[in-house]
$ cat data-v2.txt   # compact mmCIF, C-alpha atoms
# COMPACT_ATOMS: atom_id res chain seq x y z
CA MET A 157 0.00 0.00 0.00
CA LYS A 158 1.00 3.66 -0.31
CA ILE A 159 3.27 4.74 2.52
CA PRO A 160 1.39 7.01 4.98
CA LYS A 161 3.13 10.35 5.54
CA ARG A 162 3.73 9.66 9.24
CA LEU A 163 5.51 6.37 8.44
CA GLN A 164 7.84 7.82 5.82
CA PRO A 165 10.57 8.78 8.36
CA LEU A 166 10.75 5.14 9.53
CA VAL A 167 11.09 3.99 5.92
CA ASP A 168 13.77 6.61 5.29
CA GLU A 169 15.66 5.46 8.40
CA GLY A 170 15.50 1.82 7.28
CA MET A 171 13.40 0.77 10.28
CA VAL A 172 10.48 -0.21 8.02
CA ASP A 173 10.84 -1.83 4.58
CA GLU A 174 7.19 -2.06 3.57
CA VAL A 175 3.76 -1.02 4.82
CA LEU A 176 1.50 -4.05 4.33
CA TYR A 177 -1.93 -2.85 5.47
CA GLN A 178 -3.83 -0.86 8.08
CA LEU A 179 -4.88 -3.02 11.00
CA MET A 180 -7.17 -0.57 12.80
CA SER A 181 -8.04 3.08 13.23
CA GLY A 182 -9.16 4.19 16.66
CA LYS A 183 -9.82 7.44 18.47
CA GLU A 184 -6.23 7.70 19.67
CA ALA A 185 -4.11 6.12 16.95
CA GLN A 186 -3.91 4.21 13.71
CA VAL A 187 -2.12 0.87 13.63
CA PHE A 188 -0.42 -0.47 10.51
CA VAL A 189 1.15 -3.86 9.84
CA VAL A 190 4.64 -3.38 8.42
CA ARG A 191 7.56 -5.50 7.27
CA CYS A 192 10.95 -4.93 8.88
CA GLY A 193 13.43 -7.16 7.10
CA ASP A 194 12.02 -10.67 7.50
CA GLN A 195 9.88 -9.67 10.51
CA VAL A 196 6.25 -8.51 10.48
CA ARG A 197 5.51 -5.86 13.12
CA CYS A 198 3.00 -3.16 14.07
CA ALA A 199 3.44 0.57 13.70
CA LYS A 200 1.19 2.57 16.04
CA VAL A 201 0.75 6.09 14.68
CA TYR A 202 -0.54 8.40 17.40
CA LYS A 203 -2.99 11.06 16.33
CA GLU A 204 -2.28 14.69 17.10
CA ALA A 205 -3.53 15.88 20.49
CA GLN A 206 -6.47 17.87 19.12
CA LYS A 207 -7.66 14.83 17.15
CA ARG A 208 -7.57 12.37 20.04
CA SER A 209 -10.51 11.73 22.33
CA PHE A 210 -8.69 10.35 25.39
CA LYS A 211 -8.32 13.11 27.96
CA GLN A 212 -4.79 13.73 29.17
CA ALA A 213 -6.31 14.04 32.62
CA VAL A 214 -4.28 15.42 35.49
CA GLN A 215 -5.15 12.32 37.53
CA TYR A 216 -3.15 10.15 35.11
CA GLN A 217 -0.13 12.45 34.82
CA GLU A 218 0.22 13.15 38.53
CA GLY A 219 3.48 11.75 39.85
CA ARG A 220 5.18 11.37 36.47
CA LYS A 221 8.75 12.60 36.67
CA VAL A 222 10.26 14.96 34.11
CA ARG A 223 14.04 14.68 34.19
CA ASN A 224 14.75 18.06 32.57
CA SER A 225 13.87 21.00 34.85
CA ARG A 226 13.44 23.38 31.91
CA ARG A 227 10.89 21.05 30.36
CA ALA A 228 9.07 20.71 33.66
CA ARG A 229 8.81 24.50 34.06
CA ALA A 230 7.56 24.94 30.50
CA MET A 231 4.95 22.22 30.96
CA SER A 232 3.66 23.86 34.11
CA LYS A 233 3.34 27.26 32.38
CA LYS A 234 1.25 25.88 29.48
CA THR A 235 3.28 27.80 26.87
CA ARG A 236 3.31 26.58 23.26
CA TYR A 237 6.67 24.95 23.95
CA GLY A 238 5.31 23.56 27.20
CA GLN A 239 2.27 22.07 25.47
CA LYS A 240 4.55 20.39 22.92
CA GLU A 241 6.72 19.02 25.71
CA GLN A 242 3.63 17.78 27.55
CA GLU A 243 2.43 16.05 24.38
CA ASP A 244 5.85 14.41 23.89
CA ALA A 245 5.84 13.26 27.52
CA TRP A 246 2.35 11.78 27.11
CA LEU A 247 3.40 9.81 24.01
CA ASN A 248 6.69 8.66 25.52
CA ALA A 249 4.84 7.35 28.58
CA GLU A 250 3.60 4.29 26.66
CA VAL A 251 7.05 3.58 25.22
CA ASP A 252 8.69 3.84 28.64
CA ALA A 253 5.97 1.68 30.20
CA LEU A 254 6.34 -1.05 27.56
CA TYR A 255 10.08 -1.34 28.05
CA ARG A 256 9.71 -1.29 31.83
CA LEU A 257 6.92 -3.86 31.93
CA ALA A 258 8.49 -6.21 29.38
CA GLU A 259 11.59 -6.27 31.58
CA ALA A 260 9.36 -7.02 34.58
CA GLY A 261 7.89 -10.07 32.85
CA VAL A 262 4.47 -8.56 32.05
CA ARG A 263 2.99 -9.85 28.78
CA VAL A 264 2.87 -6.69 26.67
CA PRO A 265 3.88 -6.09 23.03
CA GLU A 266 7.65 -5.89 22.73
CA PRO A 267 8.68 -2.36 21.66
CA PHE A 268 11.30 -1.87 18.95
CA GLY A 269 11.55 1.90 18.65
CA PHE A 270 9.75 5.23 18.77
CA VAL A 271 10.22 7.87 16.04
CA ASP A 272 8.23 11.07 15.48
CA GLY A 273 5.10 9.88 17.25
CA VAL A 274 5.20 6.36 15.78
CA LEU A 275 5.72 3.32 18.00
CA LEU A 276 7.17 0.26 16.31
CA MET A 277 6.31 -2.91 18.22
CA GLU A 278 5.58 -6.62 18.14
CA ILE A 279 2.43 -7.73 16.36
CA ILE A 280 0.27 -9.88 18.63
CA ALA A 281 -1.01 -12.88 16.67
CA ASP A 282 -3.48 -15.67 17.39
CA GLY A 283 -2.85 -19.39 16.97
CA GLU A 284 -3.26 -19.11 13.19
CA GLY A 285 -0.83 -16.24 12.79
CA LYS A 286 -3.53 -13.62 12.25
CA ALA A 287 -3.83 -10.41 14.26
CA ALA A 288 -5.07 -11.40 17.70
CA PRO A 289 -8.63 -10.44 18.71
CA ARG A 290 -9.55 -8.21 21.62
CA LEU A 291 -10.72 -9.96 24.75
CA ASP A 292 -14.18 -8.48 24.15
CA ASP A 293 -14.38 -10.34 20.82
CA VAL A 294 -13.85 -13.86 22.17
CA THR A 295 -16.13 -16.34 23.92
CA LEU A 296 -14.54 -18.23 26.79
CA THR A 297 -15.27 -21.45 28.61
CA PRO A 298 -15.42 -21.17 32.42
CA GLU A 299 -12.01 -22.85 32.57
CA GLN A 300 -10.49 -20.41 30.08
CA ALA A 301 -12.02 -17.45 31.90
CA CYS A 302 -10.47 -18.53 35.22
CA SER A 303 -7.11 -19.20 33.58
CA TYR A 304 -7.01 -15.90 31.70
CA HIS A 305 -8.22 -13.98 34.74
CA GLY A 306 -5.40 -15.49 36.76
CA LYS A 307 -2.85 -14.46 34.13
CA VAL A 308 -4.15 -10.88 33.97
CA ILE A 309 -4.15 -10.53 37.76
CA ALA A 310 -0.59 -11.91 37.88
CA ASP A 311 0.43 -9.28 35.33
CA VAL A 312 -1.33 -6.55 37.34
CA VAL A 313 0.77 -7.65 40.33
CA ARG A 314 3.97 -7.56 38.24
CA MET A 315 3.02 -4.11 36.94
CA LEU A 316 2.47 -2.73 40.42
CA SER A 317 5.66 -4.37 41.66
CA ALA A 318 7.39 -2.40 38.87
CA GLY A 319 5.69 0.77 40.11
CA LEU A 320 2.99 1.11 37.45
CA ILE A 321 -0.78 0.81 37.14
CA HIS A 322 -2.46 0.50 33.75
CA GLY A 323 -5.18 2.98 34.65
CA ASP A 324 -7.61 2.06 31.87
CA LEU A 325 -7.61 -1.74 31.88
CA SER A 326 -10.67 -3.38 30.33
CA GLU A 327 -11.67 -6.06 27.85
CA PHE A 328 -11.02 -3.54 25.06
CA ASN A 329 -7.28 -3.22 25.67
CA VAL A 330 -6.38 -6.84 26.25
CA LEU A 331 -5.59 -9.01 23.23
CA VAL A 332 -5.68 -12.81 23.19
CA ASP A 333 -2.79 -14.55 21.45
CA ALA A 334 -1.95 -18.23 21.24
CA THR A 335 -0.89 -18.34 24.90
CA GLY A 336 -3.48 -16.07 26.47
CA PRO A 337 -4.04 -12.39 27.34
CA VAL A 338 -1.67 -9.60 26.29
CA ILE A 339 -2.11 -6.13 27.84
CA ILE A 340 -1.96 -3.17 25.42
CA ASP A 341 -2.57 0.60 25.31
CA LEU A 342 -0.49 2.19 28.06
CA PRO A 343 -0.14 5.94 27.35
CA GLN A 344 -2.07 6.69 30.54
CA ALA A 345 0.01 4.34 32.74
CA VAL A 346 0.03 5.64 36.32
CA ASN A 347 2.98 6.09 38.66
CA ALA A 348 1.71 4.14 41.66
CA ALA A 349 3.91 5.78 44.28
CA GLY A 350 3.30 9.38 43.21
CA ASN A 351 -0.37 9.46 42.27
CA ASN A 352 -3.14 10.14 44.79
CA SER A 353 -5.65 8.24 42.63
CA ALA A 354 -3.46 5.15 42.30
CA GLU A 355 -5.42 2.95 44.71
CA ARG A 356 -8.74 3.75 43.06
CA MET A 357 -7.34 3.19 39.56
CA LEU A 358 -5.84 -0.16 40.51
CA GLU A 359 -9.12 -1.33 42.02
CA ARG A 360 -11.01 -0.12 38.96
CA ASP A 361 -8.67 -2.06 36.64
CA VAL A 362 -9.05 -5.23 38.69
CA ASP A 363 -12.82 -4.80 39.07
CA ASN A 364 -13.19 -4.37 35.28
CA MET A 365 -11.44 -7.70 34.79
CA ARG A 366 -13.54 -9.37 37.51
CA ARG A 367 -16.76 -8.21 35.86
CA TYR A 368 -15.69 -9.29 32.39
CA PHE A 369 -14.36 -12.74 33.26
CA GLY A 370 -17.24 -13.20 35.70
CA ARG A 371 -19.61 -13.37 32.73
CA PHE A 372 -18.10 -16.75 31.91
CA ALA A 373 -17.06 -17.88 35.40
CA PRO A 374 -19.51 -16.41 37.97
CA GLU A 375 -17.42 -17.62 40.91
CA LEU A 376 -14.93 -14.83 40.07
CA LEU A 377 -17.55 -12.20 40.94
CA THR A 378 -17.09 -12.85 44.66
CA THR A 379 -13.33 -12.19 44.60
CA ASP A 380 -11.68 -8.98 45.81
CA TYR A 381 -8.16 -9.04 44.39
CA GLY A 382 -7.91 -5.27 43.97
CA LYS A 383 -8.03 -4.42 47.66
CA GLU A 384 -5.86 -7.40 48.54
CA ILE A 385 -3.18 -6.35 46.03
CA TRP A 386 -3.19 -2.75 47.20
CA ALA A 387 -3.02 -3.73 50.87
CA LEU A 388 0.08 -5.82 50.17
CA TYR A 389 1.62 -3.00 48.13
CA GLU A 390 0.92 -0.40 50.80
CA ALA A 391 2.48 -2.64 53.45
CA GLY A 392 5.59 -3.19 51.31
CA ASP A 393 4.80 -6.90 51.01
CA LEU A 394 3.88 -7.09 47.32
CA HIS A 395 6.27 -9.03 45.06
CA PRO A 396 6.01 -10.21 41.44
CA ASP A 397 5.31 -13.75 42.65
CA SER A 398 3.01 -12.87 45.57
CA GLN A 399 0.44 -15.56 46.25
CA LEU A 400 -3.07 -14.09 46.40
CA THR A 401 -6.29 -15.44 47.90
CA GLY A 402 -8.86 -13.16 46.26
CA CYS A 403 -10.23 -12.35 49.72
CA PHE A 404 -10.04 -9.15 51.72
CA GLU A 405 -11.32 -8.29 55.17
CA HIS A 406 -13.10 -4.95 54.88
CA ASP A 407 -12.89 -2.24 57.51
CA THR A 408 -16.18 -2.14 59.46
CA GLU A 409 -15.56 1.25 61.07
CA SER A 410 -17.91 4.13 60.33
CA ALA A 411 -17.44 5.55 56.87
CA ASN A 412 -16.49 9.15 56.16
CA VAL A 413 -19.59 10.47 54.36
CA ASP A 414 -17.73 13.10 52.33
CA GLU A 415 -15.17 10.55 51.15
CA LEU A 416 -17.95 8.13 50.29
CA LEU A 417 -19.74 10.77 48.19
CA ASP A 418 -16.47 11.52 46.37
CA VAL A 419 -16.07 7.83 45.59
CA ILE A 420 -19.65 7.63 44.29
CA GLU A 421 -19.15 10.65 42.03
CA ALA A 422 -15.85 9.23 40.74
CA ALA A 423 -17.55 5.90 40.03
CA LYS A 424 -20.28 7.66 38.06
CA GLU A 425 -17.70 9.50 35.98
CA GLU A 426 -15.73 6.30 35.38
CA GLU A 427 -18.88 4.48 34.26
CA TRP A 428 -19.73 7.31 31.87
CA GLU A 429 -16.21 7.13 30.40
CA ARG A 430 -16.50 3.32 30.13
CA GLN A 431 -19.76 3.69 28.22
CA GLU A 432 -18.03 6.19 25.92
CA ARG A 433 -15.29 3.65 25.20
CA LEU A 434 -17.95 1.04 24.44
CA ARG A 435 -19.57 3.40 21.95
CA ASP A 436 -16.19 4.27 20.44
CA ALA A 437 -15.35 0.57 20.07
CA GLU A 438 -18.66 -0.01 18.29
CA ASP A 439 -17.94 2.95 15.98
CA ASP A 440 -14.48 1.54 15.15
CA ASP A 441 -16.09 -1.81 14.23

$ encode --input "data-v2.txt" --output "structure tokens"
Amino acid sequence: MKIPKRLQPLVDEGMVDEVLYQLMSGKEAQVFVVRCGDQVRCAKVYKEAQKRSFKQAVQYQEGRKVRNSRRARAMSKKTRYGQKEQEDAWLNAEVDALYRLAEAGVRVPEPFGFVDGVLLMEIIADGEGKAAPRLDDVTLTPEQACSYHGKVIADVVRMLSAGLIHGDLSEFNVLVDATGPVIIDLPQAVNAAGNNSAERMLERDVDNMRRYFGRFAPELLTTDYGKEIWALYEAGDLHPDSQLTGCFEHDTESANVDELLDVIEAAKEEEWERQERLRDAEDDD
């Protein structure tokens, strides 16, 4: 096919030899299948900030470190340069997260390079060598659901042990290859130690997975891995190979009404955003 303008620099640099076809076009990026020597890979072309629908919300960026003090000052002042630097930091977050998580043993696409807003990475394939489906597009047996749920939760633990939380984990950003689930889409990855919303985001990620897999294996609906994982993390006892029970003893002390109302409002907003992603996914199909 004709080489898209945004992929031309990778062709010029010899990183890509041929653009085979477009795999998908979403609200945040377009993904192309490309040939690199004798390897077939994916090229994720991020859309410009004004054309993307995902909000670069403060709650996701809180706690992210900017090594260069000049860049940090510019980003805080919202100048044109600062906005460009903020955009670059947002895009680089996924690249950094992929390298960090792959090293931690989390099943994510292997990254191969990032040039001018284009991420070159491993193509996730199913058992027949075709592009792997999203978790939402597969039907599972109860046994598969329990197995895949266990693998995702183990990866959530490895992620948190590496200091990161996905922040937007759902059946729409998990692919299923020949060996099981593969976590994708990490530009909003959260710094667990420096973000005040980290606990809530972790529990939301885990609860999304519980609800989805619980459709096929109802026994999963009674588990509470999110709170158990966070309690271990907060106590400094969480490790990549931590053995979990899925149980958590809840605090029975009187609740703070104001905090409870804040949680309810946050849950409403999260549900609204989840419904938006559902509608976006249907539009992409």

$ residues_near_point --input "data-v2.txt" --point "(-8.4, -2.2, 10.9)" --cutoff "12 Å" --atoms "all atoms listed in the file" --output "list in words"
Tyr177, Gln178, Leu179, Met180, Ser181, Gly182, Ala185, Gln186, Val187, Phe188, Val189, Cys198, Lys200, Ala287, Ala288, Pro289, Ala437, Asp439, Asp440 and Asp441 of chain A

$ residues_around --input "data-v2.txt" --residues "Thr378 (chain A)" --least-positions-apart "4" --cutoff "12 Å" --atoms "all atoms listed in the file" --output "list in words"
Asp363, Arg366, Arg367, Phe369, Gly370, Ala373, Pro374, Gly382, Thr401, Gly402, Cys403 and Phe404 of chain A

$ atom_distance --input "data-v2.txt" --atom1 "CA of Val262 (chain A)" --atom2 "CA of Leu325 (chain A)"
13.9 Å

$ closest_residue --input "data-v2.txt" --among "A:Leu376, A:Val338, A:Leu257, A:Leu316" --to "His395 (chain A)" --atoms "only C-alpha atoms"
A:Leu316

$ residues_near_point --input "data-v2.txt" --point "(-4.1, -1.8, 25.1)" --cutoff "8 Å" --atoms "all atoms listed in the file" --output "compact mmCIF listing (two decimals) with C-alpha atoms, in the coordinates of the input"
# COMPACT_ATOMS: atom_id res chain seq x y z
CA LEU A 325 -7.61 -1.74 31.88
CA PHE A 328 -11.02 -3.54 25.06
CA ASN A 329 -7.28 -3.22 25.67
CA VAL A 330 -6.38 -6.84 26.25
CA LEU A 331 -5.59 -9.01 23.23
CA ILE A 339 -2.11 -6.13 27.84
CA ILE A 340 -1.96 -3.17 25.42
CA ASP A 341 -2.57 0.60 25.31
CA LEU A 342 -0.49 2.19 28.06

$ closest_residue --input "data-v2.txt" --among "A:Thr295, A:Thr335, A:Gln431, A:Ser326" --to "Arg263 (chain A)" --atoms "only C-alpha atoms"
A:Thr335
